[in-house]
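> Quick one: this structure, given as structure tokens, is what I'll be asking you about.
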Amino acid sequence: MVVRGSDILQRASRLTPVRSSDHFDVVVAGGGASGLMAAVSAARLGARVAVVESSGCFGGTGTTGMVAQWLGFYNGETCAVGGLPMEFAERVIARGGSKGFENYVLAEATARPLHLKRLPFNPEIAKLVADELVLESGVSALVHARISGARREGDRVSAVQVETSGGRLEVEASCVVDASGDAVVARHAGAPMKGPAPGEQRMGMSLVFRLSHVDVARFRALTRQEKRAIALEGIAGGELFWDVLSVSPVGQSDAICLMSHLDGLDSLDPNDLTKAEFIGRYQVGRIYAFLKRRMPGFATCELAGIASHIGVRESVRLVGDYWLTEQDVIEATPFADSIALGCGPLDVHEEDGKLRLLMPSQPFEIPVRTMTCAQVKNLLVTGRAISASREANGAIRHQATAMALGQAAGHLAAHAADFEWDLRSVPPKIIQDGLAAARALPSRAHLSAATAAG
Ligand SMILES: Cc1cc2nc3c(=O)[nH]c(=O)nc-3n(C[C@H](O)[C@H](O)[C@H](O)COP(=O)(O)OP(=O)(O)OC[C@H]3O[C@@H](n4cnc5c(N)ncnc54)[C@H](O)[C@@H]3O)c2cc1C
């Protein structure tokens, strides 16, 4: 069901409030790529759901981080993610927020570019569509509400603590889906975690910005060698900080630029994160001036916006019932409990900003056990922080994959009531059948046919 206009206003005014001591079947921590899908899919299946989001809107890194190109829908010509993520994408396209999928050369100005399919989109339109999805599905929502703790009782998490400008709330849950990217509930509930130790290598952060009055076609017409020469010149002059000149077109003449890059800071350390935002904005100022002066197509550009949150690629991950590895990604290991397909690319950022980019030869399977752990039976971790090695994380963290995982998490959470909220007891077949019926999880046979036809 799609509601529009005044319906949206009515639904917003009737939004079920989330108050202290309220009890929900499912509380979703974070309404980003994965959490939005988890909340909406669980609510569509009849669960009583609340989503708690620290920023003012939904969509996560794709909206507040302005990372405005969806990767992970396609592996080559094979579409491996359907269901609710594809519905989201189609609704953004229908609203004029994107022209649709296109062939693209990722990291074109670097030494190792990669050909793939992407969907560039306007993050502001994605915010509108995300609101519609939330309101239509009947999810209860809190924004500007930051989860700061979890109440653990035995092997369960029974409530989350939420900081708001009106004070602290404690919201009770039969089951929690942690879609915060930083595993905030999992950490507070004492689930086993892994991340880079202090001083160890971690993937760099990037602050994305939007320019208006850009002749994107002129920029795109440059050869790879021309782009690379200008990138290296900018780096040598201290005006560019990375050789990736990523540009996503928006509308007639706007360009969303993913060009900043900073290493060595830990996003979970509040002082490091603060430094990162300052350094990120300094970089944006330098890059903007350089592009305007030097890059064909950018002479008349204006700085139209800077993402409200720096993009974080790596913080911590769950050590769950299964640890997904690079080998699983590359060899497409089959799993009896697979609940989502990743497409890649495997995209690992080394300390000096160098990229290791690799497209798996086929979509790879992600088992439900990457979202669960023995220590906290009613907790799921979805999205960027699932149980995976650093390299495998580089392949599963793209937004379409995060969304596919989120839809699967929503299905699992919605069925958990029948299994006393022990998520590890829910037979994967129930989830797989539900996802297949929602056109979310193509079968292997379906994929083989699609690849053969493609
Ligand atoms: C710089 C950069 C470039 C990238 N490039 C691409 C790309 O080109 N294409 C692509 O598809 N993917 C890209 N990615 C990857 C992708 O954007 C993320 O990995 C993906 O968004 C992860 O989804 P998620 O749902 O796990 O997290 P997010 O989308 O980040 O969502 C997490 C949500 O949780 C909220 N949250 C966090 N903490 C709390 C808390 N304590 N309480 C309440 N809410 C909280 C956040 O505000 C956010 O809304 C990029 C990532 C980065 C950082």
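Just remember, in the structure tokens the first chain shown is A, the second B, etc., residues are 1-based per chain, and ligands are 1-based in the order shown.
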Select from chain A every residue with an atom at most 7 Å from any atom of ligand 1, then for each give the shortest pair of atoms and their distance in Å to one decimal, using only C-alpha atoms and all ligand atoms, rows by chain and rising number, as JSON lines.


```
{"residue": "A:Ala29", "atom": "CA", "partner": "ligand 1", "partner_atom_place_in_ligand_line": "43 (C)", "distance": 5.4}
{"residue": "A:Gly30", "atom": "CA", "partner": "ligand 1", "partner_atom_place_in_ligand_line": "34 (O)", "distance": 3.3}
{"residue": "A:Gly31", "atom": "CA", "partner": "ligand 1", "partner_atom_place_in_ligand_line": "49 (O)", "distance": 4.8}
{"residue": "A:Gly32", "atom": "CA", "partner": "ligand 1", "partner_atom_place_in_ligand_line": "31 (O)", "distance": 3.3}
{"residue": "A:Ala33", "atom": "CA", "partner": "ligand 1", "partner_atom_place_in_ligand_line": "25 (O)", "distance": 3.8}
{"residue": "A:Ser34", "atom": "CA", "partner": "ligand 1", "partner_atom_place_in_ligand_line": "25 (O)", "distance": 3.6}
{"residue": "A:Gly35", "atom": "CA", "partner": "ligand 1", "partner_atom_place_in_ligand_line": "25 (O)", "distance": 5.5}
{"residue": "A:Val52", "atom": "CA", "partner": "ligand 1", "partner_atom_place_in_ligand_line": "43 (C)", "distance": 5.3}
{"residue": "A:Glu53", "atom": "CA", "partner": "ligand 1", "partner_atom_place_in_ligand_line": "44 (N)", "distance": 3.8}
{"residue": "A:Ser54", "atom": "CA", "partner": "ligand 1", "partner_atom_place_in_ligand_line": "44 (N)", "distance": 4.0}
{"residue": "A:Ser55", "atom": "CA", "partner": "ligand 1", "partner_atom_place_in_ligand_line": "47 (O)", "distance": 5.0}
{"residue": "A:Phe58", "atom": "CA", "partner": "ligand 1", "partner_atom_place_in_ligand_line": "49 (O)", "distance": 5.9}
{"residue": "A:Gly59", "atom": "CA", "partner": "ligand 1", "partner_atom_place_in_ligand_line": "49 (O)", "distance": 5.9}
{"residue": "A:Gly60", "atom": "CA", "partner": "ligand 1", "partner_atom_place_in_ligand_line": "49 (O)", "distance": 3.3}
{"residue": "A:Thr61", "atom": "CA", "partner": "ligand 1", "partner_atom_place_in_ligand_line": "29 (O)", "distance": 4.1}
{"residue": "A:Gly62", "atom": "CA", "partner": "ligand 1", "partner_atom_place_in_ligand_line": "17 (O)", "distance": 5.6}
{"residue": "A:Val67", "atom": "CA", "partner": "ligand 1", "partner_atom_place_in_ligand_line": "5 (N)", "distance": 5.6}
{"residue": "A:Ala68", "atom": "CA", "partner": "ligand 1", "partner_atom_place_in_ligand_line": "8 (O)", "distance": 6.8}
{"residue": "A:Gln69", "atom": "CA", "partner": "ligand 1", "partner_atom_place_in_ligand_line": "9 (N)", "distance": 4.9}
{"residue": "A:Trp70", "atom": "CA", "partner": "ligand 1", "partner_atom_place_in_ligand_line": "11 (O)", "distance": 3.9}
{"residue": "A:Leu71", "atom": "CA", "partner": "ligand 1", "partner_atom_place_in_ligand_line": "11 (O)", "distance": 3.7}
{"residue": "A:Gly72", "atom": "CA", "partner": "ligand 1", "partner_atom_place_in_ligand_line": "11 (O)", "distance": 6.1}
{"residue": "A:Ala145", "atom": "CA", "partner": "ligand 1", "partner_atom_place_in_ligand_line": "43 (C)", "distance": 6.0}
{"residue": "A:Arg146", "atom": "CA", "partner": "ligand 1", "partner_atom_place_in_ligand_line": "42 (N)", "distance": 3.6}
{"residue": "A:Ile147", "atom": "CA", "partner": "ligand 1", "partner_atom_place_in_ligand_line": "42 (N)", "distance": 3.8}
{"residue": "A:Ser148", "atom": "CA", "partner": "ligand 1", "partner_atom_place_in_ligand_line": "41 (N)", "distance": 5.8}
{"residue": "A:Ala179", "atom": "CA", "partner": "ligand 1", "partner_atom_place_in_ligand_line": "25 (O)", "distance": 5.5}
{"residue": "A:Ser180", "atom": "CA", "partner": "ligand 1", "partner_atom_place_in_ligand_line": "34 (O)", "distance": 3.5}
{"residue": "A:Gly181", "atom": "CA", "partner": "ligand 1", "partner_atom_place_in_ligand_line": "26 (O)", "distance": 4.1}
{"residue": "A:Asp182", "atom": "CA", "partner": "ligand 1", "partner_atom_place_in_ligand_line": "38 (N)", "distance": 6.2}
{"residue": "A:Val184", "atom": "CA", "partner": "ligand 1", "partner_atom_place_in_ligand_line": "41 (N)", "distance": 5.7}
{"residue": "A:Met205", "atom": "CA", "partner": "ligand 1", "partner_atom_place_in_ligand_line": "1 (C)", "distance": 5.7}
{"residue": "A:Ser206", "atom": "CA", "partner": "ligand 1", "partner_atom_place_in_ligand_line": "1 (C)", "distance": 4.4}
{"residue": "A:Leu207", "atom": "CA", "partner": "ligand 1", "partner_atom_place_in_ligand_line": "1 (C)", "distance": 6.5}
{"residue": "A:Leu258", "atom": "CA", "partner": "ligand 1", "partner_atom_place_in_ligand_line": "1 (C)", "distance": 6.9}
{"residue": "A:Gly311", "atom": "CA", "partner": "ligand 1", "partner_atom_place_in_ligand_line": "53 (C)", "distance": 3.5}
{"residue": "A:Val312", "atom": "CA", "partner": "ligand 1", "partner_atom_place_in_ligand_line": "53 (C)", "distance": 3.9}
{"residue": "A:Arg313", "atom": "CA", "partner": "ligand 1", "partner_atom_place_in_ligand_line": "53 (C)", "distance": 4.1}
{"residue": "A:Thr382", "atom": "CA", "partner": "ligand 1", "partner_atom_place_in_ligand_line": "26 (O)", "distance": 6.4}
{"residue": "A:Gly383", "atom": "CA", "partner": "ligand 1", "partner_atom_place_in_ligand_line": "26 (O)", "distance": 3.4}
{"residue": "A:Arg384", "atom": "CA", "partner": "ligand 1", "partner_atom_place_in_ligand_line": "26 (O)", "distance": 3.8}
{"residue": "A:Ala385", "atom": "CA", "partner": "ligand 1", "partner_atom_place_in_ligand_line": "26 (O)", "distance": 6.3}
{"residue": "A:Arg397", "atom": "CA", "partner": "ligand 1", "partner_atom_place_in_ligand_line": "19 (O)", "distance": 4.0}
{"residue": "A:His398", "atom": "CA", "partner": "ligand 1", "partner_atom_place_in_ligand_line": "12 (N)", "distance": 3.7}
{"residue": "A:Gln399", "atom": "CA", "partner": "ligand 1", "partner_atom_place_in_ligand_line": "11 (O)", "distance": 3.7}
{"residue": "A:Ala400", "atom": "CA", "partner": "ligand 1", "partner_atom_place_in_ligand_line": "11 (O)", "distance": 5.9}
{"residue": "A:Ala402", "atom": "CA", "partner": "ligand 1", "partner_atom_place_in_ligand_line": "23 (O)", "distance": 5.0}
{"residue": "A:Met403", "atom": "CA", "partner": "ligand 1", "partner_atom_place_in_ligand_line": "25 (O)", "distance": 6.8}
```

> Excluding Val18 in chain A and its own-chain neighbours fewer than 6 positions away, which residues fall within 9 Å of it when counting only C-alpha atoms? Please give them as a VMD selection string.

chain A and resid 50 140 to 142 169 171

> Would you work out the distance separating CA of Pro345 in chain A from CA of Asn75 in chain A, expressed in Å to one decimal?

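Taking CA of Pro345 in chain A and CA of Asn75 in chain A, their separation equals 8.1 Å.
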
> Would you please work out which residue, of A:Pro120, A:Gly65, A:Pro196, A:Gly190, is nearest to Val208 in chain A when using only C-alpha atoms?

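Between A:Pro120, A:Gly65, A:Pro196, A:Gly190, the residue approaching Val208 in chain A most closely is A:Gly65.
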
> DSSP on the backbone, then: every residue of range 256-323 of chain A marked strand (DSSP E), written as a list in words.

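Answer for range 256-323 of chain A, restricted to strand (DSSP E): Ile256, Cys257, Leu258, Glu302, Leu303, Ala304, Gly305, Ile306, Arg317 and Leu318 of chain A.
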
> For N, CA and C atoms, I'd like the residues from the last selection saved as a PDB file, in the first residue's frame.


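Below is the file that was written, part_22.pdb:
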```pdb
ATOM      1  N   ILE A 256      27.581  14.975  -6.222  1.00  0.00           N
ATOM      2  CA  ILE A 256      27.945  14.569  -4.867  1.00  0.00           C
ATOM      3  C   ILE A 256      29.337  13.951  -4.947  1.00  0.00           C
ATOM      4  N   CYS A 257      30.244  14.497  -4.156  1.00  0.00           N
ATOM      5  CA  CYS A 257      31.663  14.167  -4.305  1.00  0.00           C
ATOM      6  C   CYS A 257      32.166  13.394  -3.087  1.00  0.00           C
ATOM      7  N   LEU A 258      32.710  12.227  -3.356  1.00  0.00           N
ATOM      8  CA  LEU A 258      33.306  11.409  -2.290  1.00  0.00           C
ATOM      9  C   LEU A 258      34.811  11.423  -2.544  1.00  0.00           C
ATOM     10  N   GLU A 302      29.465  25.611  -6.867  1.00  0.00           N
ATOM     11  CA  GLU A 302      29.277  26.192  -5.537  1.00  0.00           C
ATOM     12  C   GLU A 302      29.166  25.050  -4.533  1.00  0.00           C
ATOM     13  N   LEU A 303      29.645  25.297  -3.326  1.00  0.00           N
ATOM     14  CA  LEU A 303      29.526  24.283  -2.271  1.00  0.00           C
ATOM     15  C   LEU A 303      28.093  24.324  -1.741  1.00  0.00           C
ATOM     16  N   ALA A 304      27.304  23.291  -2.077  1.00  0.00           N
ATOM     17  CA  ALA A 304      25.875  23.310  -1.737  1.00  0.00           C
ATOM     18  C   ALA A 304      25.571  22.567  -0.443  1.00  0.00           C
ATOM     19  N   GLY A 305      26.467  21.706  -0.008  1.00  0.00           N
ATOM     20  CA  GLY A 305      26.171  20.982   1.230  1.00  0.00           C
ATOM     21  C   GLY A 305      27.329  20.088   1.641  1.00  0.00           C
ATOM     22  N   ILE A 306      27.445  19.888   2.950  1.00  0.00           N
ATOM     23  CA  ILE A 306      28.433  18.939   3.491  1.00  0.00           C
ATOM     24  C   ILE A 306      27.644  17.942   4.334  1.00  0.00           C
ATOM     25  N   ARG A 317      32.821  -5.191  14.985  1.00  0.00           N
ATOM     26  CA  ARG A 317      31.892  -6.178  14.430  1.00  0.00           C
ATOM     27  C   ARG A 317      31.606  -7.255  15.462  1.00  0.00           C
ATOM     28  N   LEU A 318      30.408  -7.828  15.353  1.00  0.00           N
ATOM     29  CA  LEU A 318      30.027  -8.946  16.207  1.00  0.00           C
ATOM     30  C   LEU A 318      30.927 -10.151  15.919  1.00  0.00           C
TER      31      LEU A 318
END
```

> Write out as CSV a residue-level contact list of range 305-402 of chain A versus range 81-99 of chain A with cut-off 9 Å: for each qualifying residue the closest pair of atoms and the distance in Å to one decimal, counting only C-alpha atoms, rows sorted by chain and residue number upward.


```
residue,atom,partner,partner_atom,distance
A:Ala340,CA,A:Val81,CA,7.9
A:Leu341,CA,A:Val81,CA,6.8
A:Gly342,CA,A:Val81,CA,8.0
A:Cys343,CA,A:Val81,CA,8.5
A:Ala400,CA,A:Pro85,CA,6.6
A:Thr401,CA,A:Val81,CA,7.4
```

> Export, as a compact mmCIF listing (two decimals), in the first residue's frame, the selected residues with N, CA, C and O atoms.


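selection19.txt, freshly written:
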```txt
# COMPACT_ATOMS: atom_id res chain seq x y z
N ALA A 340 20.82 -13.84 2.72
CA ALA A 340 21.02 -12.65 1.87
C ALA A 340 22.17 -12.96 0.91
O ALA A 340 23.02 -13.80 1.20
N LEU A 341 22.14 -12.26 -0.21
CA LEU A 341 23.23 -12.41 -1.18
C LEU A 341 23.99 -11.10 -1.27
O LEU A 341 23.39 -10.03 -1.41
N GLY A 342 25.30 -11.21 -1.17
CA GLY A 342 26.15 -10.05 -1.40
C GLY A 342 26.64 -10.07 -2.83
O GLY A 342 26.76 -11.12 -3.45
N CYS A 343 26.93 -8.90 -3.37
CA CYS A 343 27.41 -8.82 -4.75
C CYS A 343 28.86 -8.37 -4.82
O CYS A 343 29.54 -8.60 -5.78
N ALA A 400 23.15 -1.88 -0.62
CA ALA A 400 22.12 -2.86 -1.04
C ALA A 400 22.25 -4.13 -0.22
O ALA A 400 21.24 -4.75 0.16
N THR A 401 23.48 -4.54 0.09
CA THR A 401 23.69 -5.74 0.90
C THR A 401 23.22 -5.49 2.33
O THR A 401 22.55 -6.33 2.95
```

> Could you give me, as a PyMOL selection string, each residue of range 120-156 of chain A that DSSP assigns to alpha helix (DSSP H) when run on this structure's backbone?

chain A and resi 123-137

> Could you list, as a list in words, every residue within 10 Å of Gln225 in chain A, counting only C-alpha atoms and ignoring same-chain residues fewer than 2 positions away?

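In the requested form, the answer reads Glu108, Ala109, Thr110, Ala111, Leu222, Thr223, Lys227, Arg228, Ala229, Ile230 and Ala231 of chain A.
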
> What is the distance between CA of Gly100 in chain A and CA of Lys117 in chain A, in Å to one decimal?

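CA of Lys117 in chain A lies at a distance of 10.2 Å from CA of Gly100 in chain A.
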
> Could you list, as a PyMOL selection string, every residue within 10 Å of Ala12 in chain A, counting only C-alpha atoms and ignoring same-chain residues fewer than 3 positions away?

chain A and resi 6-9+15-16+131-132+134-136+138
